[in-house]
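Student: The structure that follows is given in the form of structure tokens.
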Amino acid sequence: MRLALVLAALLGPALTAAPETAAHVVQAENYGQYSLMFERSAGQYWAGGSAAGQWSWTPLSATESDISWGDPKTWPPKSAEHFIRSGDWVLLDGYTDGAGRPLTQLQRVTSEKLGAANCTGMQPLPSAGGRQHYVRWTIPSTGYCLDAVGTIKPPNGSTTVNFRHLQKWSPPHPCFNQYYANQTCITQYEQWWDDNHHPYSLQLTRTVELARALGPAFTNHTTFPLPWTAEARYHWHY
């Protein structure tokens, strides 16, 4: 899977004989404020003067939510990604045949590493039941890198797709597109490899921004397999 950097609050003066002082309390932002994953939210992104795609979150509980991606003309799509918030992580569990439906493909990691924004100092991540650590819930002040390797299988294990997902997440920064000025975003750079009906190879390289209070796909700059750019234009709650 894009942040004002801090929210500040003033403490009241202490009830002592000491001189009055004020302290700034820093409250970190979270992924929910940018992804809108626990809101019945939706958005549409455009490319070349027309709608290129649409997304919609379907919250299922206080900790689980599905996101659908598809063509507005044939909505709703017959697929969705299932995410779970567990502590300070958002985990990718797998895929369904539509928002709110049971999992039809389980995504499980065999190796996961976490490191600095430039992917140095990578260290193994403790397993979360095999689910992929997709993004931190509390947004850190510095970027970080995630590198996951694993498989995608149906519940009966009849087929196997091997994958690798490399991500670099960047902290909040000013952002804009041709439809929205003066926004704040987090950025996800990602690369995806798999062997789904073809030899194992790189399938996608892109950089996307998520805007605070607007959601995913604020900007999408894809460089592989083909150069392509899209920008968010419409957002709503339902």
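Residue numbering restarts at 1 for every chain of the structure tokens, chains are lettered A, B, ... in their displayed order, and ligands are numbered from 1 as they appear.
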Show which residues sit within 10 Å of Pro126 in chain A, as a list in words. Count only C-alpha atoms, and ignore same-chain residues fewer than 6 positions away.
Tutor: Ser111, Glu112, Lys113 and His133 of chain A
Student: Would you mind exporting N, CA and C atoms of the selected residues as a PDB file, in the first residue's frame?
Tutor:
```pdb
ATOM      1  N   SER A 111       8.970 -15.446   4.314  1.00  0.00           N
ATOM      2  CA  SER A 111      10.071 -14.602   4.770  1.00  0.00           C
ATOM      3  C   SER A 111       9.616 -13.156   4.735  1.00  0.00           C
ATOM      4  N   GLU A 112       9.915 -12.412   5.791  1.00  0.00           N
ATOM      5  CA  GLU A 112       9.605 -10.982   5.851  1.00  0.00           C
ATOM      6  C   GLU A 112      10.739 -10.260   6.554  1.00  0.00           C
ATOM      7  N   LYS A 113      11.093  -9.091   6.002  1.00  0.00           N
ATOM      8  CA  LYS A 113      12.145  -8.290   6.611  1.00  0.00           C
ATOM      9  C   LYS A 113      11.718  -6.828   6.669  1.00  0.00           C
ATOM     10  N   HIS A 133       2.874  -8.427   6.760  1.00  0.00           N
ATOM     11  CA  HIS A 133       2.925  -7.091   7.360  1.00  0.00           C
ATOM     12  C   HIS A 133       2.919  -6.085   6.209  1.00  0.00           C
TER      13      HIS A 133
END
```
Student: Got a sec: who's within 8 Å of range 135-141 of chain A, counting only C-alpha atoms, leaving out chain neighbours fewer than 2 positions off, as an MDAnalysis selection string?
Tutor: chainID A and resid 1 5 28:32 85 87:91 133 143 169 171:172
Student: Could you state the separation of CA of Ala211 in chain A and CA of Ala42 in chain A in Å, given to one decimal place?
Tutor: 12.9 Å
Student: Of the residues A:Gly215, A:Gly70, A:Gly94, A:Pro77, which is the one nearest to Gln33 in chain A, using only C-alpha atoms?
Tutor: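 Using only C-alpha atoms, Gln33 in chain A sits closest to A:Gly215.
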Student: For Ser158 in chain A, which residue out of A:Gly48, A:Leu106, A:Glu209, A:Ala181 is the nearest one, using only C-alpha atoms?
Tutor: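 Going through A:Gly48, A:Leu106, A:Glu209, A:Ala181 one by one, the smallest distance to Ser158 in chain A is for A:Leu106.
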Student: Neighbours of Glu39 in chain A within 12 Å (only C-alpha atoms; same-chain residues fewer than 5 positions away dropped), as a list in words?
Tutor: Gly32, Gln33, Tyr34, Ser56, Trp57, Thr58, Pro59, Leu60, Ser61, Ala62, Thr63, Glu64, Ser65, Asp66, Ile67, Ala213, Leu214, Gly215, Trp236, His237 and Tyr238 of chain A
Student: If I take CA of His173 in chain A and CA of Gln188 in chain A, how far is one from the other in Å, to one decimal?
Tutor: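 A separation of 12.3 Å between them.
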Student: Using the chain letters and numbers from this document, which residues of range 3-234 of chain A does DSSP assign to helix (DSSP H, G or I), as a list in words?
Tutor: Tyr31, Gly32, Gln33, Tyr34, Ser35, Pro72, Lys73 and Thr74 of chain A
Student: Using DSSP on the backbone coordinates, identify all residues within chain A classified as strand (DSSP E); present the result as an MDAnalysis selection string.
Tutor: chainID A and resid 7:10 24:27 41:47 50:59 64:70 80:86 89:96 103:116 123:124 132:136 144:153 161:175 183:194 201:211 215:224 228:237
Student: Quick one: pull the distance between CA of Pro216 in chain A and CA of Cys145 in chain A, Å, one decimal.
Tutor: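 Separation of CA of Pro216 in chain A and CA of Cys145 in chain A: 19.0 Å.
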Student: Which residues are near Pro72 in chain A? Cut-off 8 Å, only C-alpha atoms, ignore same chain within fewer than 5 positions. Put them as an MDAnalysis selection string.
Tutor: chainID A and resid 51 53:54
Student: Which residue, A:Cys185, A:Val149, A:Ala116, A:Val161, has the smallest gap to His197 in chain A when you use only C-alpha atoms?
Tutor: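 The closest residue to His197 in chain A is A:Val161.
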Student: For Trp193 in chain A, work out the shell of residues within 7 Å, counting only C-alpha atoms and skipping chain neighbours fewer than 2 positions away, then give it as a PyMOL selection string.
Tutor: chain A and resi 163-165+191+200-203
Student: Tell me which protein, DNA and RNA residues are within 9 Å of range 155-157 of chain A, counting only C-alpha atoms, leaving out same-chain ones fewer than 4 positions away, and put them as a PDB file with N, CA and C atoms, in the first residue's frame.
Tutor:
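Once written, out-v6.pdb looks like this:
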```pdb
ATOM      1  N   LEU A 103     -12.640 -15.624   2.116  1.00  0.00           N
ATOM      2  CA  LEU A 103     -11.377 -15.658   1.391  1.00  0.00           C
ATOM      3  C   LEU A 103     -11.360 -16.803   0.385  1.00  0.00           C
ATOM      4  N   THR A 104     -10.931 -16.490  -0.830  1.00  0.00           N
ATOM      5  CA  THR A 104     -10.748 -17.518  -1.858  1.00  0.00           C
ATOM      6  C   THR A 104      -9.274 -17.755  -2.161  1.00  0.00           C
ATOM      7  N   GLN A 105      -8.410 -16.806  -1.773  1.00  0.00           N
ATOM      8  CA  GLN A 105      -6.968 -16.946  -1.944  1.00  0.00           C
ATOM      9  C   GLN A 105      -6.292 -16.457  -0.663  1.00  0.00           C
ATOM     10  N   LEU A 106      -5.468 -17.302  -0.065  1.00  0.00           N
ATOM     11  CA  LEU A 106      -4.756 -16.955   1.158  1.00  0.00           C
ATOM     12  C   LEU A 106      -3.332 -16.531   0.800  1.00  0.00           C
TER      13      LEU A 106
END
```
Student: Write out as an mmCIF file with C-alpha atoms, in the first residue's frame which residues come within 8 Å of Phe224 in chain A when counting only C-alpha atoms, dropping same-chain ones fewer than 5 positions away.
Tutor:
```cif
data_model
loop_
_atom_site.group_PDB
_atom_site.id
_atom_site.type_symbol
_atom_site.label_atom_id
_atom_site.label_comp_id
_atom_site.auth_asym_id
_atom_site.auth_seq_id
_atom_site.Cartn_x
_atom_site.Cartn_y
_atom_site.Cartn_z
ATOM 1 C CA GLN A 203 5.269 -7.566 -12.761
ATOM 2 C CA LEU A 204 4.838 -4.072 -11.314
ATOM 3 C CA THR A 205 6.792 -1.015 -10.199
ATOM 4 C CA ARG A 206 4.885 2.053 -9.056
#
```
Student: Find the residue from A:Ala128, A:Met37, A:Val109, A:Leu146 that sits nearest to Phe83 in chain A; use only C-alpha atoms when measuring.
Tutor: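 Among the listed residues, A:Met37 lies closest to Phe83 in chain A.
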